[in-house]
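Each remark here refers to the structure printed beneath this line.
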Amino acid sequence: MKLHEYQARDLLAKHGVPVTAGRVAATPAEARKIAEELGGKVVVKAQIHAGGRGKGRLVAQSDTADMYQKLISDPENYSGKVRGDRVGGVRLADTAEEAEQAAAAILGKHLVSIQTGPEGKLVKNVLVAEQTDIAKEYYLAAIIDGMQGCPLIMASAEGGQEIEVVAHNNPEAIVRMAVPAAAGYSPYIGRTLAARLGFTGDQADQFGKVVEGLYRTLMATDASLVEINPLALTADGRVVAVDAKLNIDDNALFRQKELAALRDLDEEDPLEVKAQQLGVANFIKLDGNIGCIVNGAGLAMATMDTIKLAGGEPANFLDIGTVNDPQRVVNAMKVILEDPAVKAILVNIFGGMARVDIIAQGVIEAHRQMKIDVPVVMRLVGTNLAEGEQLIKESGLPLIRANGLFEAAKKAVEAAGAA
Amino acid sequence: MAVLVDQNTRLLVQGIGTEGANHMRRSIAYGTSVVAAIHPKRGGEQQDGVPIFTTVDQAVRETGANVSIIFVPAPGAADAILEAAAAKIPLIVCITEGIPVLDMVRVKAALQSTGSILIGPNCPGVITPGTKTRVGIMPGDVFMPGRVGVVSRSGTLVYEVVAQLTAEGIGQSTCIGVGGDPIIGTRQVEAVRMLNEDPDTDAIVLVGEIGGSAEQEAAAYIKEHVKKPVVAFIAGATAPPGRRMGHAGAIISGEDGKAENKKAALRAAGAVVSDSPADIGATMKRLLAERGLLK
């Protein structure tokens, strides 16, 4: 689960990381008040989960797709940043009045960036923060390294840009240090990283404290990623977080109730939200036209891959898990059919824990509960297959049957083409 | 002979809720020796003829259990693994899905000092068809005794691959589901090493997924040490970056995480990579025939 920048900043500050002075505002008047407190000269930043905000553009909801196309095809002319610091989703203001105007221009509009997709994102809040006179930008992040099985700190003197770009162009510029799982954080980690990045004296001490605070934030929030980019060395010698990102481990939300409450459903795909509400947890919307219902994440991915190999495009990833209630299959069909692009549905079940007869019941029940006018291809193997076969036969429904994985994908592609 | 589990396995089941009890029954029916079950409030009772103990320590002392399978729900699963490790159970298989990754950081660190092998979490378990030893949740009837080992991050893909192998008349020595989480007890490379060193395994199927760099690590080992035929498949070639595909570990967040780079590493290591998950069985059959290993 992702948090907003202002939420991530608050959590970092709570664990000892200095952040630029500032607060979140939901109205232009609030933005003005915060700017006044900060002396007028501020930056006003749209709060959405997607990146590329500064280069993004603000438009009415009806114009998001058009602007997205323009940003993709002609960034030179349309990128917010290219046109100055007062056009995109991150704006500079010299006075409180300008801050109010900037907030008024951002709030309630849709921000479109190359990372938001053609739908853009509605901006409900802005962060109003002090402008920092940055002498140098650094990158600092903490993640959990699955291979080593422990937290890992990544730091680079090439901050302010996407770390993937640095990793690609100049991998040696990223310094990595593991935090031993048994011992936890120890100050040598901050000292070593500071030295590797070229910090000396008091600034090395400041940097070390930031690294420790970053680590404490990761551990306290069950985060899978805490990122400060840029971490600024200011002209007056302070080391301070200017932008922050924090993702929480979904598996830990049961014990991070306060953070779980910060989930912003507006930032998520509406169809995925609906799927979750219907108890279809592992659903991800994709761009193709063949809806998929599969048990198991690996088989679900493999089914998508096979559809592609058979010449089609999957409309979704869906791991229905171990089904013991046919209604879950009905709900999965409901979610898939909400997508008007879907021209066929492929049900691929290898019953182990899941029972094939329950899947069959669900598909039959779905046809009873709603009008399904796209072809449904069923490939069923495993536990209680005979019972499932019998149910399908008795139902008399025109379900397309397949035995192998490729045969199933091929039939689904054909059915989608014919529909 | 096989790896990890065989006729000497004396299985203990931690967590006998609906699912745990159901799979315990199925393992017994498959022919596996289940000697104890753990339930903190039902000590002294029985479940399907298996004695229930309150603690793992007690169960091990009274029954000589040497393998544990864990079905305990996610919030208590790390504790269950640590309890089994503290009781010196040599092999712990954790089926539980959804364990917080920081819990696994703690568990992994603790296991380094106890010497227990952990398989999983978020895995289908381990099965040796030749000795009828099922320590997992897989449908036993698709498996067939034989000499091909299977390693997979995904559960249902094990079944898919094994069904294809069995349909081609190719039996399996041991199938190991290593699990779909970012931190797992036994990584692909370690499972591949076990099968490579097993004299009763002639060939290996490796089923990977997008995310992480475990397949590259396995590829490096294969290149250096494996002479047996290896057929590999990587699921998720069509998955978009940045999205978690069900498994917590199946998320493309770097170059190593991409399917194409994993496939390239495995090909460079001498493995035969099947682009289609539907061709894994046929590819293995062809490879075994080429090497004169088809029985």
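Residue names in the structure tokens use chain letters A, B, ... in the order shown, residue numbers from 1 in each chain, and ligand numbers from 1 in the order shown.
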
- Task: Give the strand (DSSP E or B) residues of stretch 11-249 of chain B, as DSSP finds them on the backbone, and put them as a PyMOL selection string.
- Result: chain B and resi 11-14+34-38+46-47+50-53+67-70+91-94+117-119+125-128+133-136+145-152+172-177+203-209+230-235

Could you give me, as a tab-separated table, a per-residue list for chain A showing, wherever an atom lies at most 6 Å from an atom of chain B, the closest pair of atoms and their distance in Å to one decimal, using only C-alpha atoms and sorting by chain then residue number from low to high?
```
residue	atom	partner	partner_atom	distance
A:Gly146	CA	B:Ile183	CA	4.6
A:Gly149	CA	B:Val105	CA	5.4
A:Cys150	CA	B:Val105	CA	5.5
A:Ala181	CA	B:Ala109	CA	5.9
A:Ala182	CA	B:Ala109	CA	5.8
A:Asn251	CA	B:Pro100	CA	4.9
A:Ala252	CA	B:Pro100	CA	4.9
A:Asn282	CA	B:Gly246	CA	5.6
A:Gly296	CA	B:Thr156	CA	5.5
A:Ala297	CA	B:Gly246	CA	5.1
A:Gly298	CA	B:Ser154	CA	4.9
A:Leu299	CA	B:Leu157	CA	5.2
A:Met301	CA	B:Gly236	CA	4.8
A:Ala302	CA	B:Ala235	CA	5.0
A:Asp305	CA	B:Thr238	CA	5.6
A:Gly352	CA	B:Pro139	CA	4.8
A:Leu405	CA	B:Ala278	CA	5.6
A:Phe406	CA	B:Ala278	CA	5.7
```

Expected answer as a short mmCIF file (atom, residue, chain, number, x, y, z; two decimals) with N, CA, C and O atoms, in the first residue's frame: helix (DSSP H, G or I) residues in stretch 100-153 of chain A:
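After the write, selection09.cif holds the following:
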```cif
data_model
loop_
_atom_site.label_atom_id
_atom_site.label_comp_id
_atom_site.auth_asym_id
_atom_site.auth_seq_id
_atom_site.Cartn_x
_atom_site.Cartn_y
_atom_site.Cartn_z
N GLU A 100 -1.62 30.67 -2.57
CA GLU A 100 -3.07 30.45 -2.61
C GLU A 100 -3.53 30.24 -4.06
O GLU A 100 -4.31 29.32 -4.34
N GLN A 101 -2.99 31.06 -4.96
CA GLN A 101 -3.35 30.91 -6.38
C GLN A 101 -2.89 29.56 -6.93
O GLN A 101 -3.62 28.90 -7.68
N ALA A 102 -1.67 29.19 -6.55
CA ALA A 102 -1.15 27.90 -7.03
C ALA A 102 -2.03 26.76 -6.54
O ALA A 102 -2.39 25.85 -7.30
N ALA A 103 -2.40 26.81 -5.25
CA ALA A 103 -3.25 25.76 -4.69
C ALA A 103 -4.60 25.74 -5.39
O ALA A 103 -5.15 24.67 -5.69
N ALA A 104 -5.14 26.93 -5.69
CA ALA A 104 -6.44 27.00 -6.37
C ALA A 104 -6.36 26.39 -7.77
O ALA A 104 -7.31 25.77 -8.24
N ALA A 105 -5.20 26.54 -8.40
CA ALA A 105 -5.04 26.00 -9.75
C ALA A 105 -4.84 24.49 -9.75
O ALA A 105 -5.09 23.82 -10.75
N ILE A 106 -4.39 23.97 -8.62
CA ILE A 106 -4.07 22.53 -8.56
C ILE A 106 -5.23 21.72 -7.96
O ILE A 106 -5.62 20.68 -8.49
#
```

- Message: Using only C-alpha atoms, which protein or nucleic acid residues come within 10 Å of B:Lys295? Drop anything in the same chain fewer than 6 positions from it, and give the result as a list in words.
- Response: Gly146, Arg147, Gly169, Ile170, Gly171, Leu288 and Ala289 of chain B

For the selection you just gave me, I'd like the residues written to a file as a PDB file, in the first residue's frame, keeping N, CA, C and O atoms.
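What landed in result.pdb:
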```
ATOM      1  N   GLY B 146       9.312 -41.397 -10.097  1.00  0.00           N
ATOM      2  CA  GLY B 146      10.234 -41.342 -11.227  1.00  0.00           C
ATOM      3  C   GLY B 146      11.491 -40.588 -10.863  1.00  0.00           C
ATOM      4  O   GLY B 146      11.854 -40.495  -9.684  1.00  0.00           O
ATOM      5  N   ARG B 147      12.149 -40.003 -11.880  1.00  0.00           N
ATOM      6  CA  ARG B 147      13.506 -39.494 -11.669  1.00  0.00           C
ATOM      7  C   ARG B 147      13.702 -38.045 -12.103  1.00  0.00           C
ATOM      8  O   ARG B 147      14.826 -37.604 -12.324  1.00  0.00           O
ATOM      9  N   GLY B 169       4.473 -39.700 -19.353  1.00  0.00           N
ATOM     10  CA  GLY B 169       5.053 -40.925 -18.794  1.00  0.00           C
ATOM     11  C   GLY B 169       6.335 -40.684 -18.013  1.00  0.00           C
ATOM     12  O   GLY B 169       7.116 -41.598 -17.776  1.00  0.00           O
ATOM     13  N   ILE B 170       6.576 -39.419 -17.636  1.00  0.00           N
ATOM     14  CA  ILE B 170       7.797 -39.078 -16.896  1.00  0.00           C
ATOM     15  C   ILE B 170       7.458 -38.882 -15.420  1.00  0.00           C
ATOM     16  O   ILE B 170       6.715 -37.964 -15.060  1.00  0.00           O
ATOM     17  N   GLY B 171       8.011 -39.733 -14.571  1.00  0.00           N
ATOM     18  CA  GLY B 171       7.737 -39.636 -13.138  1.00  0.00           C
ATOM     19  C   GLY B 171       8.644 -38.639 -12.443  1.00  0.00           C
ATOM     20  O   GLY B 171       9.588 -38.108 -13.036  1.00  0.00           O
ATOM     21  N   LEU B 288      15.229 -35.614 -22.359  1.00  0.00           N
ATOM     22  CA  LEU B 288      15.583 -36.918 -21.787  1.00  0.00           C
ATOM     23  C   LEU B 288      15.899 -37.907 -22.896  1.00  0.00           C
ATOM     24  O   LEU B 288      16.844 -38.707 -22.791  1.00  0.00           O
ATOM     25  N   ALA B 289      15.141 -37.855 -23.989  1.00  0.00           N
ATOM     26  CA  ALA B 289      15.375 -38.758 -25.118  1.00  0.00           C
ATOM     27  C   ALA B 289      16.748 -38.487 -25.724  1.00  0.00           C
ATOM     28  O   ALA B 289      17.517 -39.413 -26.002  1.00  0.00           O
TER      29      ALA B 289
END
```

- Message: Taking 2 positions as the minimum chain separation for residues in the same chain, which residues sit within 12 Å of B:Tyr221 when counting only C-alpha atoms? Answer as a PyMOL selection string.
- Response: chain B and resi 187-194+196+214-219+223-227+230+265-266+268-271

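Take atom CA of A:Ala8 and atom CA of A:Ile284: the distance between them is 25.2 Å.
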
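What separates atom CA of A:Asp357 from atom CA of A:Asp319 is a distance of 17.3 Å.
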
- Note on the structure: Closest of A:Ala220, A:Ala232, A:Ala173, A:Val87 to A:Phe207, counting only C-alpha atoms, is A:Ala232

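Distances here use only C-alpha atoms; by that measure, the residue among B:Arg42, B:Val3, B:Lys132, B:Leu118 closest to B:Val178 is B:Leu118.
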
- Query: Could you pull the residues within 9 Å of A:Val347, counting only C-alpha atoms, minus those fewer than 2 positions along the same chain, as a ChimeraX atom specification?
  - Reply: /A:291-294,345,349,359,363,376-380,408

- Measure the distance from atom CA of B:Leu11 to atom CA of B:Ala80 in Å and round it to one decimal. 15.0 Å

- Query: Which residue gives the smallest distance to A:Ile372 among A:Arg355, A:Gly396, A:Asp63, A:Met333, with only C-alpha atoms counted?
  - Reply: A:Met333

- Might you pull out every residue within 7 Å of B:Met144, with only C-alpha atoms counted and same-chain residues fewer than 4 positions away left off, and present them as a PyMOL selection string? chain B and resi 129+166+171-172

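Every protein, DNA or RNA residue with an atom at most 10 Å from A:Asp243, where only C-alpha atoms count and chain neighbours fewer than 3 positions away do not, is listed here: Glu5, Tyr6, Ala8, Arg9, Val19, Thr20, Gly160, Glu227, Ile228, Asn229, Pro230, Leu231, Ala232 and Val240 of chain A.
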
- Looking at only C-alpha atoms, which of B:Ile38, B:Ile52, B:Ile119, B:Ile127 is the one that sits closest to B:Glu83? B:Ile38
